[in-house]
$ cat protein.csv   # CSV, C-alpha atoms
chain,number,residue,atom,x,y,z
A,1,MET,CA,-27.2,73.8,23.8
A,2,ASN,CA,-26.9,70.0,24.0
A,3,SER,CA,-30.3,69.7,22.3
A,4,LYS,CA,-29.2,72.0,19.5
A,5,ASN,CA,-25.9,70.1,19.0
A,6,GLY,CA,-27.8,66.8,19.1
A,7,THR,CA,-30.2,68.0,16.5
A,8,LYS,CA,-27.4,69.2,14.3
A,9,PHE,CA,-25.5,66.0,14.7
A,10,SER,CA,-28.6,64.0,13.8
A,11,TRP,CA,-29.3,66.1,10.7
A,12,GLU,CA,-25.7,65.7,9.5
A,13,LYS,CA,-25.9,62.0,10.0
A,14,ILE,CA,-29.2,61.8,8.0
A,15,LYS,CA,-27.7,63.8,5.1
A,16,GLN,CA,-24.8,61.4,5.0
A,17,TRP,CA,-27.1,58.4,4.7
A,18,PRO,CA,-26.4,56.7,1.3
A,19,LEU,CA,-30.2,56.6,0.5
A,20,PHE,CA,-30.8,60.2,1.5
A,21,LEU,CA,-31.0,61.6,-2.1
A,22,PRO,CA,-33.2,58.9,-3.7
A,23,VAL,CA,-35.6,58.9,-0.7
A,24,VAL,CA,-35.9,62.7,-0.7
A,25,ALA,CA,-36.6,62.6,-4.5
A,26,LEU,CA,-39.2,59.9,-4.1
A,27,ILE,CA,-40.9,61.9,-1.3
A,28,LEU,CA,-41.0,65.0,-3.5
A,29,VAL,CA,-42.6,63.1,-6.4
A,30,MET,CA,-45.3,61.8,-4.0
A,31,ALA,CA,-45.8,65.3,-2.6
A,32,VAL,CA,-46.4,66.6,-6.2
A,33,ASN,CA,-49.0,63.9,-6.8
A,34,ILE,CA,-50.8,64.7,-3.5
A,35,ILE,CA,-50.9,68.4,-4.2
A,36,HIS,CA,-52.1,67.8,-7.8
A,37,ASP,CA,-54.9,65.5,-6.6
A,38,ALA,CA,-56.0,68.0,-4.0
A,39,ALA,CA,-55.9,70.8,-6.6
A,40,VAL,CA,-58.2,68.9,-9.0
A,41,GLY,CA,-60.6,67.9,-6.3
A,42,THR,CA,-59.5,64.2,-6.0
A,43,ASN,CA,-58.8,62.5,-2.7
A,44,PRO,CA,-55.2,63.4,-1.9
A,45,LEU,CA,-54.6,59.9,-0.6
A,46,SER,CA,-55.7,58.3,-3.8
A,47,PHE,CA,-52.0,58.0,-4.8
A,48,PHE,CA,-51.5,55.5,-2.0
A,49,MET,CA,-54.7,53.5,-2.4
A,50,ILE,CA,-54.4,49.8,-3.5
A,51,SER,CA,-57.5,47.7,-4.2
A,52,LEU,CA,-58.4,44.3,-5.8
A,53,ARG,CA,-60.3,44.6,-9.1
A,54,GLN,CA,-62.0,41.9,-11.1
A,55,THR,CA,-61.0,41.5,-14.7
A,56,THR,CA,-62.4,39.2,-17.4
A,57,THR,CA,-59.0,37.9,-18.4
A,58,SER,CA,-56.8,37.8,-15.3
A,59,GLY,CA,-59.3,37.5,-12.4
A,60,SER,CA,-58.7,39.6,-9.4
A,61,ILE,CA,-55.7,41.8,-9.7
A,62,LEU,CA,-54.0,44.5,-7.6
A,63,TYR,CA,-54.9,48.0,-8.8
A,64,GLY,CA,-53.6,51.4,-7.8
A,65,ARG,CA,-51.1,54.0,-9.0
A,66,ILE,CA,-48.3,52.7,-6.8
A,67,VAL,CA,-48.9,49.2,-8.2
A,68,ASP,CA,-48.8,50.7,-11.7
A,69,ILE,CA,-45.6,52.6,-11.0
A,70,ILE,CA,-43.8,49.5,-9.6
A,71,ASN,CA,-45.1,47.4,-12.5
A,72,ARG,CA,-44.2,49.8,-15.3
A,73,GLY,CA,-40.9,50.6,-13.6
A,74,SER,CA,-39.8,46.9,-13.7
A,75,GLU,CA,-37.8,47.2,-16.9
A,76,ILE,CA,-36.0,50.3,-15.7
A,77,ALA,CA,-35.2,48.7,-12.3
A,78,ILE,CA,-33.8,45.6,-14.0
A,79,LEU,CA,-31.7,47.7,-16.3
A,80,ALA,CA,-30.5,49.8,-13.3
A,81,ILE,CA,-29.0,46.7,-11.7
A,82,GLY,CA,-26.7,46.1,-14.7
A,83,MET,CA,-26.0,49.8,-15.1
A,84,THR,CA,-24.9,50.1,-11.5
A,85,LEU,CA,-22.3,47.4,-11.9
A,86,VAL,CA,-21.0,48.9,-15.2
A,87,VAL,CA,-20.7,52.4,-13.7
A,88,SER,CA,-19.0,51.1,-10.6
A,89,ALA,CA,-16.5,49.0,-12.4
A,90,SER,CA,-15.6,51.1,-15.4
A,91,ALA,CA,-16.6,54.7,-14.4
A,92,GLY,CA,-18.6,54.8,-17.6
A,93,THR,CA,-22.1,54.1,-18.8
A,94,ASP,CA,-23.6,51.5,-21.2
A,95,ILE,CA,-25.7,53.5,-23.5
A,96,SER,CA,-26.7,50.4,-25.6
A,97,VAL,CA,-29.0,48.8,-23.0
A,98,GLY,CA,-32.2,50.0,-24.6
A,99,SER,CA,-31.1,48.8,-28.0
A,100,VAL,CA,-29.9,45.5,-26.6
A,101,MET,CA,-33.3,45.1,-25.0
A,102,SER,CA,-34.9,45.5,-28.4
A,103,LEU,CA,-32.5,43.1,-30.1
A,104,CYS,CA,-33.0,40.4,-27.5
A,105,ALA,CA,-36.8,40.8,-27.8
A,106,SER,CA,-36.7,40.6,-31.6
A,107,PHE,CA,-34.5,37.5,-31.6
A,108,MET,CA,-36.7,35.8,-29.1
A,109,CYS,CA,-39.9,36.5,-31.0
A,110,MET,CA,-38.3,35.6,-34.3
A,111,MET,CA,-37.4,32.2,-32.8
A,112,LEU,CA,-40.9,31.7,-31.3
A,113,ALA,CA,-42.8,32.7,-34.4
A,114,GLY,CA,-40.4,31.5,-37.1
A,115,TYR,CA,-38.4,33.7,-39.5
A,116,GLY,CA,-40.7,35.8,-41.8
A,117,VAL,CA,-43.8,35.2,-39.8
A,118,SER,CA,-45.5,38.4,-38.7
A,119,SER,CA,-48.2,36.9,-36.4
A,120,THR,CA,-48.8,33.6,-34.7
A,121,THR,CA,-50.6,32.0,-31.9
A,122,THR,CA,-48.6,28.8,-31.9
A,123,LEU,CA,-45.0,28.6,-31.0
A,124,ALA,CA,-42.5,27.4,-33.6
A,125,VAL,CA,-40.1,26.2,-30.9
A,126,PRO,CA,-40.6,25.6,-27.1
A,127,LEU,CA,-40.9,28.7,-25.0
A,128,VAL,CA,-37.8,27.9,-23.1
A,129,ILE,CA,-35.7,27.9,-26.3
A,130,GLY,CA,-37.0,31.4,-27.1
A,131,LEU,CA,-36.2,32.7,-23.6
A,132,LEU,CA,-32.7,31.1,-23.7
A,133,ALA,CA,-32.1,32.7,-27.1
A,134,ALA,CA,-32.9,36.2,-25.7
A,135,ILE,CA,-30.6,35.6,-22.7
A,136,VAL,CA,-27.7,34.3,-24.9
A,137,MET,CA,-28.1,37.3,-27.2
A,138,GLY,CA,-27.9,39.6,-24.2
A,139,LEU,CA,-24.8,37.9,-22.9
A,140,VAL,CA,-23.2,38.1,-26.3
A,141,CYS,CA,-23.9,41.8,-26.5
A,142,GLY,CA,-22.6,42.4,-23.0
A,143,ALA,CA,-19.5,40.4,-23.7
A,144,PHE,CA,-18.9,42.4,-26.9
A,145,ASN,CA,-19.1,45.7,-25.0
A,146,GLY,CA,-17.0,44.3,-22.2
A,147,THR,CA,-14.3,43.2,-24.6
A,148,LEU,CA,-14.1,46.7,-26.2
A,149,VAL,CA,-13.9,48.4,-22.8
A,150,ALA,CA,-11.8,45.9,-20.8
A,151,HIS,CA,-9.4,44.6,-23.3
A,152,LEU,CA,-9.2,47.3,-26.0
A,153,HIS,CA,-9.5,50.1,-23.5
A,154,ILE,CA,-12.1,52.0,-25.5
A,155,GLN,CA,-14.0,54.7,-23.6
A,156,PRO,CA,-17.3,53.0,-22.4
A,157,MET,CA,-19.7,55.5,-24.1
A,158,VAL,CA,-17.9,55.2,-27.4
A,159,ALA,CA,-17.7,51.4,-27.1
A,160,THR,CA,-21.4,51.0,-26.3
A,161,LEU,CA,-22.3,53.5,-29.0
A,162,ILE,CA,-21.8,50.7,-31.6
A,163,LEU,CA,-24.6,48.5,-30.3
A,164,TYR,CA,-26.7,51.6,-29.5
A,165,SER,CA,-26.7,52.4,-33.2
A,166,ALA,CA,-26.7,48.9,-34.6
A,167,ALA,CA,-28.7,46.6,-32.3
A,168,ARG,CA,-32.1,47.8,-33.3
A,169,ALA,CA,-31.2,47.5,-37.0
A,170,ILE,CA,-30.0,43.9,-36.4
A,171,GLY,CA,-33.3,43.2,-34.6
A,172,LEU,CA,-35.3,44.5,-37.6
A,173,LEU,CA,-33.2,42.3,-39.9
A,174,LEU,CA,-34.0,39.2,-37.7
A,175,CYS,CA,-37.7,40.1,-37.8
A,176,ASN,CA,-37.6,40.7,-41.6
A,177,ASP,CA,-38.5,44.3,-41.1
A,178,LEU,CA,-41.8,43.3,-39.4
A,179,ILE,CA,-43.4,43.7,-36.0
A,180,VAL,CA,-43.6,40.1,-34.9
A,181,TYR,CA,-46.7,39.2,-32.8
A,182,VAL,CA,-46.6,36.1,-30.6
A,183,ARG,CA,-50.1,35.9,-29.2
A,184,ASN,CA,-49.6,32.9,-27.1
A,185,PRO,CA,-50.7,32.8,-23.4
A,186,SER,CA,-47.5,31.2,-22.2
A,187,PHE,CA,-45.4,33.9,-23.7
A,188,ALA,CA,-47.8,36.7,-22.5
A,189,TYR,CA,-47.5,35.4,-18.9
A,190,PHE,CA,-44.2,37.3,-18.3
A,191,GLY,CA,-45.9,40.6,-18.8
A,192,ALA,CA,-49.2,39.6,-17.3
A,193,PHE,CA,-50.2,38.5,-13.7
A,194,THR,CA,-49.2,35.8,-11.3
A,195,GLY,CA,-52.4,35.6,-9.2
A,196,PRO,CA,-53.2,39.2,-8.3
A,197,ILE,CA,-49.5,40.4,-8.6
A,198,PRO,CA,-48.1,41.6,-11.9
A,199,THR,CA,-45.5,39.1,-13.1
A,200,PRO,CA,-42.9,41.8,-14.0
A,201,ILE,CA,-42.8,42.8,-10.3
A,202,ILE,CA,-42.0,39.2,-9.3
A,203,ILE,CA,-39.3,38.9,-12.0
A,204,THR,CA,-37.7,42.2,-10.8
A,205,ALA,CA,-37.8,41.0,-7.2
A,206,VAL,CA,-36.1,37.8,-8.1
A,207,CYS,CA,-33.4,39.6,-10.1
A,208,ILE,CA,-32.7,42.0,-7.2
A,209,ILE,CA,-32.6,39.2,-4.6
A,210,VAL,CA,-30.3,37.0,-6.7
A,211,ILE,CA,-27.8,39.7,-7.5
A,212,SER,CA,-27.9,41.0,-3.9
A,213,LEU,CA,-27.1,37.6,-2.5
A,214,ILE,CA,-24.3,37.2,-5.0
A,215,LEU,CA,-22.8,40.5,-4.1
A,216,LYS,CA,-23.2,40.0,-0.3
A,217,LYS,CA,-22.2,36.3,-0.1
A,218,THR,CA,-19.2,36.6,-2.4
A,219,ALA,CA,-16.5,39.2,-2.8
A,220,LEU,CA,-17.7,40.2,-6.2
A,221,GLY,CA,-19.2,43.5,-5.1
A,222,MET,CA,-16.0,44.5,-3.2
A,223,TYR,CA,-13.8,43.6,-6.2
A,224,ILE,CA,-16.0,45.6,-8.7
A,225,GLN,CA,-15.8,48.6,-6.4
A,226,SER,CA,-12.1,48.2,-6.0
A,227,VAL,CA,-11.5,48.2,-9.7
A,228,GLY,CA,-13.8,51.2,-10.1
A,229,ILE,CA,-11.9,53.2,-7.5
A,230,ASN,CA,-8.4,52.4,-8.8
A,231,ALA,CA,-8.0,49.7,-11.5
A,232,LYS,CA,-4.2,49.9,-11.5
A,233,ALA,CA,-3.9,49.5,-7.7
A,234,SER,CA,-6.5,46.6,-7.8
A,235,ARG,CA,-4.4,44.9,-10.5
A,236,ILE,CA,-1.2,45.2,-8.3
A,237,ALA,CA,-3.2,43.8,-5.4
A,238,GLY,CA,-3.9,40.7,-7.4
A,239,LEU,CA,-7.3,41.4,-8.9
A,240,ASN,CA,-8.0,40.7,-12.6
A,241,SER,CA,-9.4,44.1,-13.4
A,242,LYS,CA,-10.0,43.3,-17.1
A,243,LEU,CA,-12.1,40.2,-16.1
A,244,LEU,CA,-14.1,42.1,-13.6
A,245,ILE,CA,-15.0,44.9,-16.0
A,246,PHE,CA,-15.8,42.4,-18.7
A,247,LEU,CA,-18.1,40.5,-16.2
A,248,ALA,CA,-19.9,43.8,-15.3
A,249,TYR,CA,-20.7,44.5,-18.9
A,250,THR,CA,-21.7,40.9,-19.5
A,251,LEU,CA,-24.1,41.0,-16.6
A,252,CYS,CA,-25.5,44.3,-17.9
A,253,GLY,CA,-26.3,42.5,-21.2
A,254,LEU,CA,-28.0,39.7,-19.2
A,255,PHE,CA,-30.2,42.1,-17.4
A,256,ALA,CA,-31.0,44.0,-20.6
A,257,ALA,CA,-32.2,40.7,-22.1
A,258,ILE,CA,-34.4,40.0,-19.1
A,259,SER,CA,-35.8,43.5,-19.4
A,260,GLY,CA,-36.4,42.9,-23.1
A,261,ILE,CA,-38.3,39.6,-22.3
A,262,VAL,CA,-40.6,41.5,-19.9
A,263,ALA,CA,-41.2,44.4,-22.3
A,264,SER,CA,-42.0,42.2,-25.3
A,265,SER,CA,-44.2,39.9,-23.2
A,266,ARG,CA,-46.3,42.9,-22.1
A,267,ILE,CA,-47.3,43.7,-25.7
A,268,THR,CA,-46.9,40.1,-27.0
A,269,SER,CA,-44.8,41.3,-29.8
A,270,ALA,CA,-41.3,42.5,-30.9
A,271,ASP,CA,-41.5,46.1,-31.9
A,272,SER,CA,-37.8,46.8,-32.7
A,273,ASN,CA,-38.3,50.5,-33.1
A,274,ASN,CA,-39.9,51.2,-29.7
A,275,ILE,CA,-38.9,48.5,-27.2
A,276,GLY,CA,-36.4,50.0,-24.8
A,277,LEU,CA,-36.5,53.4,-26.5
A,278,TYR,CA,-34.8,56.1,-24.3
A,279,LEU,CA,-34.6,53.6,-21.4
A,280,GLU,CA,-30.8,53.8,-21.4
A,281,MET,CA,-31.3,57.4,-20.2
A,282,ASP,CA,-33.7,56.3,-17.4
A,283,ALA,CA,-31.2,53.6,-16.3
A,284,ILE,CA,-28.3,56.0,-16.1
A,285,LEU,CA,-30.5,58.6,-14.3
A,286,SER,CA,-31.6,55.8,-11.8
A,287,VAL,CA,-28.0,55.2,-10.9
A,288,ALA,CA,-27.3,58.9,-10.4
A,289,LEU,CA,-30.5,59.5,-8.5
A,290,GLY,CA,-29.7,56.6,-6.3
A,291,GLY,CA,-26.7,58.5,-4.9
A,292,ASN,CA,-24.1,56.6,-6.9
A,293,SER,CA,-21.2,58.4,-8.4
A,294,LEU,CA,-21.0,58.2,-12.2
A,295,GLY,CA,-17.2,58.3,-11.7
A,296,GLY,CA,-17.2,54.7,-10.6
A,297,GLY,CA,-16.2,53.0,-7.3
A,298,LYS,CA,-18.5,52.5,-4.4
A,299,PHE,CA,-22.1,51.8,-5.3
A,300,ASN,CA,-25.4,51.3,-3.5
A,301,LEU,CA,-27.7,48.9,-5.4
A,302,ALA,CA,-30.7,49.8,-3.2
A,303,GLY,CA,-30.3,53.4,-4.1
A,304,SER,CA,-30.4,52.6,-7.9
A,305,ILE,CA,-33.6,50.5,-7.4
A,306,ILE,CA,-35.3,53.4,-5.5
A,307,GLY,CA,-34.0,55.7,-8.2
A,308,ALA,CA,-35.5,53.5,-11.0
A,309,TYR,CA,-39.0,53.6,-9.4
A,310,THR,CA,-38.6,57.3,-8.7
A,311,ILE,CA,-38.0,57.9,-12.4
A,312,GLN,CA,-41.1,55.9,-13.3
A,313,ALA,CA,-43.0,57.9,-10.7
A,314,ILE,CA,-41.8,61.1,-12.3
A,315,THR,CA,-42.8,59.8,-15.8
A,316,THR,CA,-46.3,58.8,-14.5
A,317,THR,CA,-46.6,62.2,-12.7
A,318,LEU,CA,-45.6,64.1,-15.9
A,319,TYR,CA,-48.3,62.3,-17.9
A,320,ALA,CA,-50.9,63.0,-15.2
A,321,LEU,CA,-50.0,66.7,-15.4
A,322,GLY,CA,-50.6,66.7,-19.1
A,323,VAL,CA,-47.0,66.6,-20.3
A,324,SER,CA,-46.7,64.8,-23.6
A,325,THR,CA,-44.5,61.8,-24.3
A,326,ASN,CA,-42.2,63.9,-26.5
A,327,GLN,CA,-41.8,66.6,-23.8
A,328,ALA,CA,-41.1,64.2,-20.9
A,329,PRO,CA,-37.4,63.7,-21.7
A,330,VAL,CA,-36.9,67.5,-21.4
A,331,PHE,CA,-38.0,67.4,-17.8
A,332,LYS,CA,-35.8,64.3,-17.1
A,333,ALA,CA,-32.8,66.1,-18.7
A,334,ILE,CA,-33.4,69.0,-16.3
A,335,ILE,CA,-33.4,66.5,-13.4
A,336,VAL,CA,-30.1,65.0,-14.7
A,337,ILE,CA,-28.5,68.5,-14.7
A,338,ILE,CA,-29.6,69.1,-11.1
A,339,ILE,CA,-28.3,65.8,-9.9
A,340,VAL,CA,-25.0,66.2,-11.7
A,341,VAL,CA,-24.6,69.7,-10.2
A,342,ILE,CA,-25.5,68.4,-6.7
A,343,GLU,CA,-23.0,65.6,-7.0
A,344,ALA,CA,-20.2,67.7,-8.5
A,345,PRO,CA,-17.2,68.1,-6.1
A,346,PRO,CA,-16.9,71.9,-6.5
A,347,PHE,CA,-20.6,72.3,-5.5
A,348,LYS,CA,-20.2,70.0,-2.5
A,349,ALA,CA,-17.1,72.0,-1.5
A,350,PHE,CA,-19.1,75.2,-1.9
A,351,LEU,CA,-21.8,73.9,0.4
A,352,ARG,CA,-19.2,72.9,3.0
A,353,ARG,CA,-17.6,76.3,2.9
A,354,GLN,CA,-21.0,77.9,3.4
A,355,ALA,CA,-21.8,75.6,6.3
A,356,ALA,CA,-18.4,76.3,7.9
A,357,ALA,CA,-18.9,80.1,7.5
A,358,LYS,CA,-22.3,79.9,9.2
A,359,GLY,CA,-20.8,77.9,12.0
A,360,VAL,CA,-18.1,80.6,12.5
A,361,LYS,CA,-20.7,83.4,12.6
A,362,ALA,CA,-22.8,81.5,15.1

$ encode --input "protein.csv" --output "structure tokens"
Amino acid sequence: MNSKNGTKFSWEKIKQWPLFLPVVALILVMAVNIIHDAAVGTNPLSFFMISLRQTTTSGSILYGRIVDIINRGSEIAILAIGMTLVVSASAGTDISVGSVMSLCASFMCMMLAGYGVSSTTTLAVPLVIGLLAAIVMGLVCGAFNGTLVAHLHIQPMVATLILYSAARAIGLLLCNDLIVYVRNPSFAYFGAFTGPIPTPIIITAVCIIVISLILKKTALGMYIQSVGINAKASRIAGLNSKLLIFLAYTLCGLFAAISGIVASSRITSADSNNIGLYLEMDAILSVALGGNSLGGGKFNLAGSIIGAYTIQAITTTLYALGVSTNQAPVFKAIIVIIIVVIEAPPFKAFLRRQAAAKGVKA
């Protein structure tokens, strides 16, 4: 009897763990990969294997499917940081992050190559100027969205729809309707390798560590959550809710810029039409999959990061299963529906009623 009650208590405690949903989702994706590898006659443990491979351009580098997932998921993870803050503070999503990524990358490459230049190996301005240009552009875009939401009280999805539609077009104008190639080793570094480790992984780790320290060592995280739970009550308590929402969107723009730098550095170019395409959906899904409520309030940054890499693992798995690039968003949409249903209060209430009914019968 005691053993049964103890087991039940432990299971209930596990289910209430904030990272329960993202960890279970990640385990399920790994299981699908293991089953697929076994079915095609590949070593089932190949998904977890990491090795050092010698290359002609980068020397010895880490190689493996997990490394590839963490590397390729860097942009989503960086975007998920900003999206988590936006969702928590405003109970809304920033659907412009993918387009802002593209705009920041285009502005940076235009600065580095020079206006009207389609391809170059030499930089027109120092690299740091190009990087700062991208970051400033991201901050401006974030501040624009933040002003519309915080000060003009426009619904977040409607407010960010403006840059979702316009940012890529602005990027094309900056690049004179060209794909600007910057084939310079110093620029390519941000999408290449630092020793054997992919540089995007290091950049993502730095972003996560810095924002985590800020949220933990200051009251910013608590203030953002308070505003998201009840903006009016927070204002009465002395918090500047408008400033906090504005700051959340500005930070989201900053992380979109950093993600754009990584994405453009990978391909050493600014492809305005394709950089960040559909990544706003992945970022939102990462937050939801991370166990965070899209209704704002309390958030778990670790959950969003796990969710981001889970999304990338799902994408990689879909491609491995033969799903085309055009079909992959359909499967992601199905996952969104499932998560929304699981997180819906009526569904949770239904599960509680079922659990209570089973307890009465027992």

$ closest_atom_pairs --input "protein.csv" --of "region 257-336 of chain A" --to "region 16-28 of chain A" --cutoff "7 Å" --atoms "only C-alpha atoms" --output "tab-separated table"
residue	atom	partner	partner_atom	distance
A:Leu289	CA	A:Pro22	CA	5.5
A:Gly290	CA	A:Pro22	CA	4.9
A:Gly291	CA	A:Leu21	CA	6.0
A:Gly303	CA	A:Leu19	CA	5.6
A:Ile306	CA	A:Pro22	CA	6.2
A:Gly307	CA	A:Pro22	CA	5.6
A:Thr310	CA	A:Leu26	CA	5.3

$ write_last_selection --input "protein.csv" --atoms "C-alpha atoms" --output "PDB file, in the frame of the given file"
ATOM      1  CA  LEU A 289     -30.500  59.500  -8.500  1.00  0.00           C
ATOM      2  CA  GLY A 290     -29.700  56.600  -6.300  1.00  0.00           C
ATOM      3  CA  GLY A 291     -26.700  58.500  -4.900  1.00  0.00           C
ATOM      4  CA  GLY A 303     -30.300  53.400  -4.100  1.00  0.00           C
ATOM      5  CA  ILE A 306     -35.300  53.400  -5.500  1.00  0.00           C
ATOM      6  CA  GLY A 307     -34.000  55.700  -8.200  1.00  0.00           C
ATOM      7  CA  THR A 310     -38.600  57.300  -8.700  1.00  0.00           C
TER       8      THR A 310
END

$ residues_near_point --input "protein.csv" --point "(-47.3, 39.0, -7.9)" --cutoff "12 Å" --atoms "all atoms listed in the file" --output "list in words"
Ser60, Ile61, Leu62, Tyr63, Val67, Ile70, Asn71, Tyr189, Phe190, Gly191, Ala192, Phe193, Thr194, Gly195, Pro196, Ile197, Pro198, Thr199, Pro200, Ile201, Ile202, Ile203, Thr204, Ala205 and Val206 of chain A

$ atom_distance --input "protein.csv" --atom1 "CA of Asp37 (chain A)" --atom2 "CA of Ala320 (chain A)"
9.8 Å

$ atom_distance --input "protein.csv" --atom1 "CA of Thr57 (chain A)" --atom2 "CA of Gly73 (chain A)"
22.6 Å

$ closest_residue --input "protein.csv" --among "A:Asn300, A:Ser265, A:Thr56, A:Asn274" --to "Leu215 (chain A)" --atoms "all atoms listed in the file"
A:Asn300

$ closest_residue --input "protein.csv" --among "A:Asn230, A:Ser58, A:Ser102, A:Ser264" --to "Ile170 (chain A)" --atoms "all atoms listed in the file"
A:Ser102

$ atom_distance --input "protein.csv" --atom1 "CA of Phe47 (chain A)" --atom2 "CA of Leu79 (chain A)"
25.5 Å

$ closest_residue --input "protein.csv" --among "A:Leu85, A:Ile162, A:Ala38, A:Cys109" --to "Gly228 (chain A)" --atoms "all atoms listed in the file"
A:Leu85
